[in-house]
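Below: one structure, written as structure tokens.
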Amino acid sequence: MQREVETSAGVFAYTLRRAERARHLTIAVAPGGSIVATAPIRISEREIEQFFAARAKSLARAVARLRRAPKPIPLPPATVAERAALEAKLALFVPRAARLLGLPETPPFTVRMMRSRFGSCSARGALSFSDTLRALPEHLFWYVVIHEAAHCLERNHSPAFWAIVEKVIHNSRAQRRELRKYHFVR
């Protein structure tokens, strides 16, 4: 249901979703600047307004930034054939990335339907890749593989992590910026 809340940073129009499974109140800003608040059933309207008020400045910055963001690109879930092709491609790229980064062994990987990421690396060093990788240009596909494999050496985004990525991808900042242009919706 559509709502509005007045804060020190202005008036925010948002969609409120009540969810039985939600444990905490969350606010998400989508490309284009639309706001969705997801709240547990037990949270009052007053608590939601206070939550917005406490985050008004950062929320205003996020809305302004995402209004300028490129429009999401519709991408249906991968077919069985597309998923198999992506897994085969990753089976070639992940070992190559591991060798270039000096990893002692090739990390295991899976392909999943992810909403907001292109990939992730677990604490155990297992890589997960979004099925949306299939729609990226080759150089950005390679950047994501290197980025996630580098997390096997450095688990954060510290300067040490970026130095590792930069050893393999010399223009990683430019590719990172370019990757931000790709936002897929299902």
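Just remember, in the structure tokens the first chain shown is A, the second B, etc., residues are 1-based per chain, and ligands are 1-based in the order shown.
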
Which of segment 54-131 of chain A DSSP labels alpha helix (DSSP H), written as a short mmCIF file (atom, residue, chain, number, x, y, z; two decimals) with all heavy atoms, in the first residue's frame:
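Full text of part15.cif as output:
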data_model
loop_
_atom_site.label_atom_id
_atom_site.label_comp_id
_atom_site.auth_asym_id
_atom_site.auth_seq_id
_atom_site.Cartn_x
_atom_site.Cartn_y
_atom_site.Cartn_z
N ALA A 54 15.10 8.62 11.15
CA ALA A 54 16.48 8.36 11.57
C ALA A 54 17.41 8.18 10.38
O ALA A 54 18.62 8.39 10.49
CB ALA A 54 16.53 7.11 12.46
N ALA A 56 16.79 9.63 7.22
CA ALA A 56 16.31 10.57 6.20
C ALA A 56 17.41 11.06 5.26
O ALA A 56 17.24 11.05 4.04
CB ALA A 56 15.60 11.75 6.85
N LYS A 57 18.54 11.49 5.82
CA LYS A 57 19.60 12.05 4.96
C LYS A 57 20.19 11.00 4.03
O LYS A 57 20.35 11.25 2.85
CB LYS A 57 20.70 12.68 5.83
CG LYS A 57 20.27 13.98 6.45
CD LYS A 57 21.40 14.62 7.22
CE LYS A 57 20.92 15.90 7.87
NZ LYS A 57 21.95 16.50 8.71
N SER A 58 20.51 9.84 4.57
CA SER A 58 21.10 8.79 3.71
C SER A 58 20.06 8.29 2.71
O SER A 58 20.40 7.96 1.57
CB SER A 58 21.66 7.64 4.54
OG SER A 58 20.65 7.01 5.28
N LEU A 59 18.81 8.25 3.10
CA LEU A 59 17.75 7.83 2.19
C LEU A 59 17.59 8.83 1.05
O LEU A 59 17.45 8.44 -0.12
CB LEU A 59 16.44 7.66 2.96
CG LEU A 59 15.27 7.04 2.22
CD1 LEU A 59 15.61 5.67 1.69
CD2 LEU A 59 14.06 6.94 3.15
N ALA A 60 17.66 10.12 1.37
CA ALA A 60 17.55 11.15 0.33
C ALA A 60 18.70 11.04 -0.66
O ALA A 60 18.50 11.17 -1.87
CB ALA A 60 17.54 12.55 0.98
N ARG A 61 19.91 10.76 -0.18
CA ARG A 61 21.06 10.58 -1.07
C ARG A 61 20.86 9.36 -1.97
O ARG A 61 21.13 9.40 -3.16
CB ARG A 61 22.35 10.44 -0.26
CG ARG A 61 22.89 11.75 0.27
CD ARG A 61 24.30 11.60 0.82
NE ARG A 61 24.41 10.58 1.86
CZ ARG A 61 24.26 10.80 3.15
NH1 ARG A 61 23.98 12.01 3.59
NH2 ARG A 61 24.40 9.82 4.03
N ALA A 62 20.37 8.26 -1.38
CA ALA A 62 20.16 7.03 -2.15
C ALA A 62 19.10 7.25 -3.23
O ALA A 62 19.26 6.80 -4.37
CB ALA A 62 19.76 5.89 -1.23
N VAL A 63 18.02 7.93 -2.88
CA VAL A 63 16.95 8.19 -3.85
C VAL A 63 17.49 9.06 -4.99
O VAL A 63 17.25 8.77 -6.17
CB VAL A 63 15.73 8.86 -3.17
CG1 VAL A 63 14.76 9.41 -4.20
CG2 VAL A 63 15.04 7.87 -2.24
N ALA A 64 18.26 10.11 -4.66
CA ALA A 64 18.81 10.99 -5.69
C ALA A 64 19.75 10.22 -6.61
O ALA A 64 19.70 10.36 -7.84
CB ALA A 64 19.55 12.15 -5.04
N ARG A 65 20.60 9.36 -6.04
CA ARG A 65 21.56 8.59 -6.83
C ARG A 65 20.83 7.59 -7.73
O ARG A 65 21.14 7.46 -8.92
CB ARG A 65 22.52 7.86 -5.89
CG ARG A 65 23.58 7.06 -6.60
CD ARG A 65 24.61 6.47 -5.63
NE ARG A 65 24.06 5.89 -4.44
CZ ARG A 65 23.61 4.65 -4.33
NH1 ARG A 65 23.64 3.85 -5.37
NH2 ARG A 65 23.13 4.18 -3.19
N LEU A 66 19.83 6.92 -7.19
CA LEU A 66 19.15 5.88 -7.96
C LEU A 66 18.14 6.44 -8.96
O LEU A 66 17.74 5.74 -9.89
CB LEU A 66 18.51 4.85 -7.03
CG LEU A 66 19.56 3.95 -6.38
CD1 LEU A 66 18.98 3.19 -5.21
CD2 LEU A 66 20.16 3.01 -7.39
N ARG A 67 17.76 7.67 -8.81
CA ARG A 67 16.92 8.30 -9.85
C ARG A 67 17.72 8.51 -11.11
O ARG A 67 17.18 8.53 -12.21
CB ARG A 67 16.35 9.63 -9.35
CG ARG A 67 15.15 9.44 -8.48
CD ARG A 67 14.38 10.72 -8.26
NE ARG A 67 13.21 10.45 -7.45
CZ ARG A 67 12.83 11.17 -6.43
NH1 ARG A 67 13.49 12.25 -6.10
NH2 ARG A 67 11.76 10.84 -5.74
N VAL A 80 17.05 -24.04 -19.00
CA VAL A 80 17.96 -25.15 -18.66
C VAL A 80 19.20 -25.09 -19.55
O VAL A 80 20.33 -25.26 -19.07
CB VAL A 80 17.22 -26.50 -18.80
CG1 VAL A 80 18.18 -27.67 -18.64
CG2 VAL A 80 16.08 -26.59 -17.81
N ALA A 81 19.01 -24.81 -20.83
CA ALA A 81 20.14 -24.75 -21.77
C ALA A 81 21.06 -23.57 -21.45
O ALA A 81 22.28 -23.70 -21.49
CB ALA A 81 19.62 -24.65 -23.20
N GLU A 82 20.48 -22.41 -21.13
CA GLU A 82 21.29 -21.24 -20.79
C GLU A 82 22.09 -21.48 -19.51
O GLU A 82 23.26 -21.10 -19.42
CB GLU A 82 20.41 -20.00 -20.61
CG GLU A 82 19.84 -19.45 -21.90
CD GLU A 82 18.81 -18.37 -21.66
OE1 GLU A 82 18.08 -18.41 -20.65
OE2 GLU A 82 18.72 -17.47 -22.52
N ARG A 83 21.45 -22.10 -18.55
CA ARG A 83 22.13 -22.39 -17.28
C ARG A 83 23.28 -23.38 -17.50
O ARG A 83 24.37 -23.21 -16.96
CB ARG A 83 21.13 -22.95 -16.27
CG ARG A 83 21.69 -23.10 -14.90
CD ARG A 83 20.62 -23.65 -13.97
NE ARG A 83 21.13 -23.79 -12.65
CZ ARG A 83 20.94 -22.92 -11.67
NH1 ARG A 83 20.21 -21.86 -11.87
NH2 ARG A 83 21.46 -23.12 -10.49
N ALA A 84 23.05 -24.41 -18.31
CA ALA A 84 24.09 -25.39 -18.61
C ALA A 84 25.27 -24.73 -19.33
O ALA A 84 26.44 -25.01 -19.03
CB ALA A 84 23.53 -26.53 -19.44
N ALA A 85 24.96 -23.83 -20.26
CA ALA A 85 26.02 -23.11 -20.98
C ALA A 85 26.82 -22.22 -20.04
O ALA A 85 28.05 -22.14 -20.13
CB ALA A 85 25.41 -22.28 -22.11
N LEU A 86 26.13 -21.57 -19.12
CA LEU A 86 26.81 -20.72 -18.14
C LEU A 86 27.70 -21.55 -17.22
O LEU A 86 28.84 -21.18 -16.96
CB LEU A 86 25.78 -19.93 -17.32
CG LEU A 86 26.34 -19.01 -16.23
CD1 LEU A 86 27.29 -17.98 -16.82
CD2 LEU A 86 25.20 -18.33 -15.49
N GLU A 87 27.20 -22.68 -16.76
CA GLU A 87 28.01 -23.56 -15.90
C GLU A 87 29.24 -24.07 -16.64
O GLU A 87 30.34 -24.13 -16.07
CB GLU A 87 27.16 -24.72 -15.37
CG GLU A 87 26.18 -24.27 -14.31
CD GLU A 87 25.19 -25.35 -13.88
OE1 GLU A 87 25.11 -26.41 -14.55
OE2 GLU A 87 24.47 -25.12 -12.89
N ALA A 88 29.09 -24.39 -17.93
CA ALA A 88 30.22 -24.86 -18.73
C ALA A 88 31.25 -23.74 -18.89
O ALA A 88 32.47 -23.98 -18.80
CB ALA A 88 29.74 -25.35 -20.09
N LYS A 89 30.78 -22.53 -19.12
CA LYS A 89 31.68 -21.39 -19.27
C LYS A 89 32.43 -21.11 -17.96
O LYS A 89 33.64 -20.89 -17.95
CB LYS A 89 30.86 -20.16 -19.71
CG LYS A 89 31.69 -18.97 -20.08
CD LYS A 89 30.77 -17.87 -20.62
CE LYS A 89 31.54 -16.63 -21.01
NZ LYS A 89 30.66 -15.58 -21.54
N LEU A 90 31.71 -21.17 -16.86
CA LEU A 90 32.35 -20.97 -15.55
C LEU A 90 33.35 -22.08 -15.24
O LEU A 90 34.38 -21.83 -14.60
CB LEU A 90 31.29 -20.87 -14.45
CG LEU A 90 30.54 -19.55 -14.38
CD1 LEU A 90 29.30 -19.67 -13.50
CD2 LEU A 90 31.44 -18.42 -13.89
N ALA A 91 33.07 -23.30 -15.70
CA ALA A 91 33.99 -24.42 -15.48
C ALA A 91 35.34 -24.17 -16.17
O ALA A 91 36.35 -24.73 -15.77
CB ALA A 91 33.37 -25.72 -15.96
N LEU A 92 35.35 -23.32 -17.18
CA LEU A 92 36.60 -22.93 -17.85
C LEU A 92 37.23 -21.71 -17.18
O LEU A 92 38.45 -21.65 -16.99
CB LEU A 92 36.34 -22.61 -19.32
CG LEU A 92 35.83 -23.76 -20.21
CD1 LEU A 92 35.46 -23.23 -21.58
CD2 LEU A 92 36.89 -24.84 -20.30
N PHE A 93 36.40 -20.74 -16.81
CA PHE A 93 36.91 -19.48 -16.30
C PHE A 93 37.37 -19.54 -14.84
O PHE A 93 38.34 -18.90 -14.48
CB PHE A 93 35.84 -18.39 -16.46
CG PHE A 93 35.79 -17.78 -17.83
CD1 PHE A 93 35.27 -18.49 -18.90
CD2 PHE A 93 36.23 -16.49 -18.06
CE1 PHE A 93 35.20 -17.95 -20.17
CE2 PHE A 93 36.17 -15.92 -19.31
CZ PHE A 93 35.66 -16.65 -20.38
N VAL A 94 36.65 -20.27 -13.98
CA VAL A 94 37.00 -20.30 -12.56
C VAL A 94 38.39 -20.91 -12.33
O VAL A 94 39.20 -20.32 -11.61
CB VAL A 94 35.89 -20.98 -11.72
CG1 VAL A 94 36.35 -21.18 -10.28
CG2 VAL A 94 34.61 -20.14 -11.75
N PRO A 95 38.73 -22.06 -12.94
CA PRO A 95 40.09 -22.58 -12.75
C PRO A 95 41.18 -21.63 -13.28
O PRO A 95 42.23 -21.49 -12.68
CB PRO A 95 40.09 -23.89 -13.55
CG PRO A 95 38.66 -24.28 -13.66
CD PRO A 95 37.90 -22.99 -13.70
N ARG A 96 40.88 -20.96 -14.38
CA ARG A 96 41.84 -19.99 -14.94
C ARG A 96 42.04 -18.84 -13.96
O ARG A 96 43.18 -18.41 -13.71
CB ARG A 96 41.32 -19.48 -16.28
CG ARG A 96 42.24 -18.52 -16.95
CD ARG A 96 41.75 -18.20 -18.36
NE ARG A 96 42.51 -17.08 -18.87
CZ ARG A 96 42.00 -16.11 -19.59
NH1 ARG A 96 40.72 -16.13 -19.93
NH2 ARG A 96 42.75 -15.12 -20.02
N ALA A 97 40.96 -18.34 -13.38
CA ALA A 97 41.06 -17.26 -12.39
C ALA A 97 41.85 -17.73 -11.17
O ALA A 97 42.70 -17.00 -10.65
CB ALA A 97 39.66 -16.80 -11.97
N ALA A 98 41.60 -18.96 -10.72
CA ALA A 98 42.31 -19.51 -9.56
C ALA A 98 43.82 -19.56 -9.83
O ALA A 98 44.62 -19.20 -8.96
CB ALA A 98 41.76 -20.89 -9.22
N ARG A 99 44.20 -20.00 -11.03
CA ARG A 99 45.63 -20.06 -11.39
C ARG A 99 46.25 -18.67 -11.40
O ARG A 99 47.32 -18.46 -10.85
CB ARG A 99 45.81 -20.72 -12.76
CG ARG A 99 45.79 -22.23 -12.73
CD ARG A 99 46.27 -22.83 -14.06
NE ARG A 99 45.63 -22.30 -15.25
CZ ARG A 99 44.44 -22.68 -15.70
NH1 ARG A 99 43.75 -23.60 -15.05
NH2 ARG A 99 43.94 -22.16 -16.80
N LEU A 100 45.57 -17.72 -12.03
CA LEU A 100 46.10 -16.36 -12.13
C LEU A 100 46.25 -15.69 -10.76
O LEU A 100 47.14 -14.88 -10.55
CB LEU A 100 45.22 -15.50 -13.04
CG LEU A 100 45.30 -15.82 -14.53
CD1 LEU A 100 44.21 -15.08 -15.29
CD2 LEU A 100 46.67 -15.45 -15.07
N LEU A 101 45.35 -16.02 -9.85
CA LEU A 101 45.40 -15.43 -8.51
C LEU A 101 46.32 -16.20 -7.56
O LEU A 101 46.56 -15.77 -6.44
CB LEU A 101 43.99 -15.36 -7.92
CG LEU A 101 43.04 -14.39 -8.61
CD1 LEU A 101 41.60 -14.63 -8.14
CD2 LEU A 101 43.45 -12.95 -8.35
#

* To do: Would you return as a PyMOL selection string the members of chain A that DSSP assigns to strand (DSSP E or B) on this structure's backbone?
  => chain A and resi 2-7+10-19+26-29+35-40+73-74+109-112+119-121+127-130+184-185

request  = Using atom CA of Ser116 of chain A and atom CA of Gly102 of chain A as the two end points, give the distance in Å to one decimal.
outcome  =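 Straight-line distance from atom CA of Ser116 of chain A to atom CA of Gly102 of chain A works out to 28.6 Å.
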
Checklist entry - For Arg177 of chain A, which residue out of A:Ile146, A:Ala69, A:Ala126, A:Leu153 is the nearest one, using only C-alpha atoms? => result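 Nearest to Arg177 of chain A: A:Ala69.
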
From the list A:Gly119, A:Gly32, A:Pro76, A:Pro107, the nearest residue to Trp142 of chain A using only C-alpha atoms is A:Gly119

query = When distances are computed from only C-alpha atoms, which of A:Pro70, A:Gly125, A:Pro108, A:Pro40 shows the smallest separation from Leu179 of chain A?
reply =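 The answer is A:Pro70, which sits nearest to Leu179 of chain A.
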
Counting only C-alpha atoms, the residue among A:Arg18, A:Arg117, A:Arg155, A:His24 that lies closest to Arg180 of chain A is A:Arg117

Ranking A:Val36, A:Ile27, A:Val5, A:Ala22 by minimum distance to Glu49 of chain A and counting only C-alpha atoms, which one comes first?
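Of A:Val36, A:Ile27, A:Val5, A:Ala22, the one nearest Glu49 of chain A is A:Val5, counting only C-alpha atoms.
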
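Relative to atom CA of Leu127 of chain A, atom CA of Ile164 of chain A is found at 16.9 Å.
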
Among the residues A:Phe141, A:Phe109, A:Phe51, A:Trp162, the one that comes closest to Ser128 of chain A [using only C-alpha atoms]: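 The shortest atom-to-atom distance to Ser128 of chain A comes from A:Phe109.
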
Exercise for the section: Give me, please, the distance in Å between atom CA of Val168 of chain A and atom CA of Ala150 of chain A, quoted to one decimal. Expected result: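 Computed distance, atom CA of Val168 of chain A to atom CA of Ala150 of chain A, equals 9.8 Å.
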
- Quick one: residues within 10 Å of Lys71 of chain A, only C-alpha atoms counted, chain neighbours fewer than 5 positions away excluded, as a PyMOL selection string? chain A and resi 30-32+66+181-185
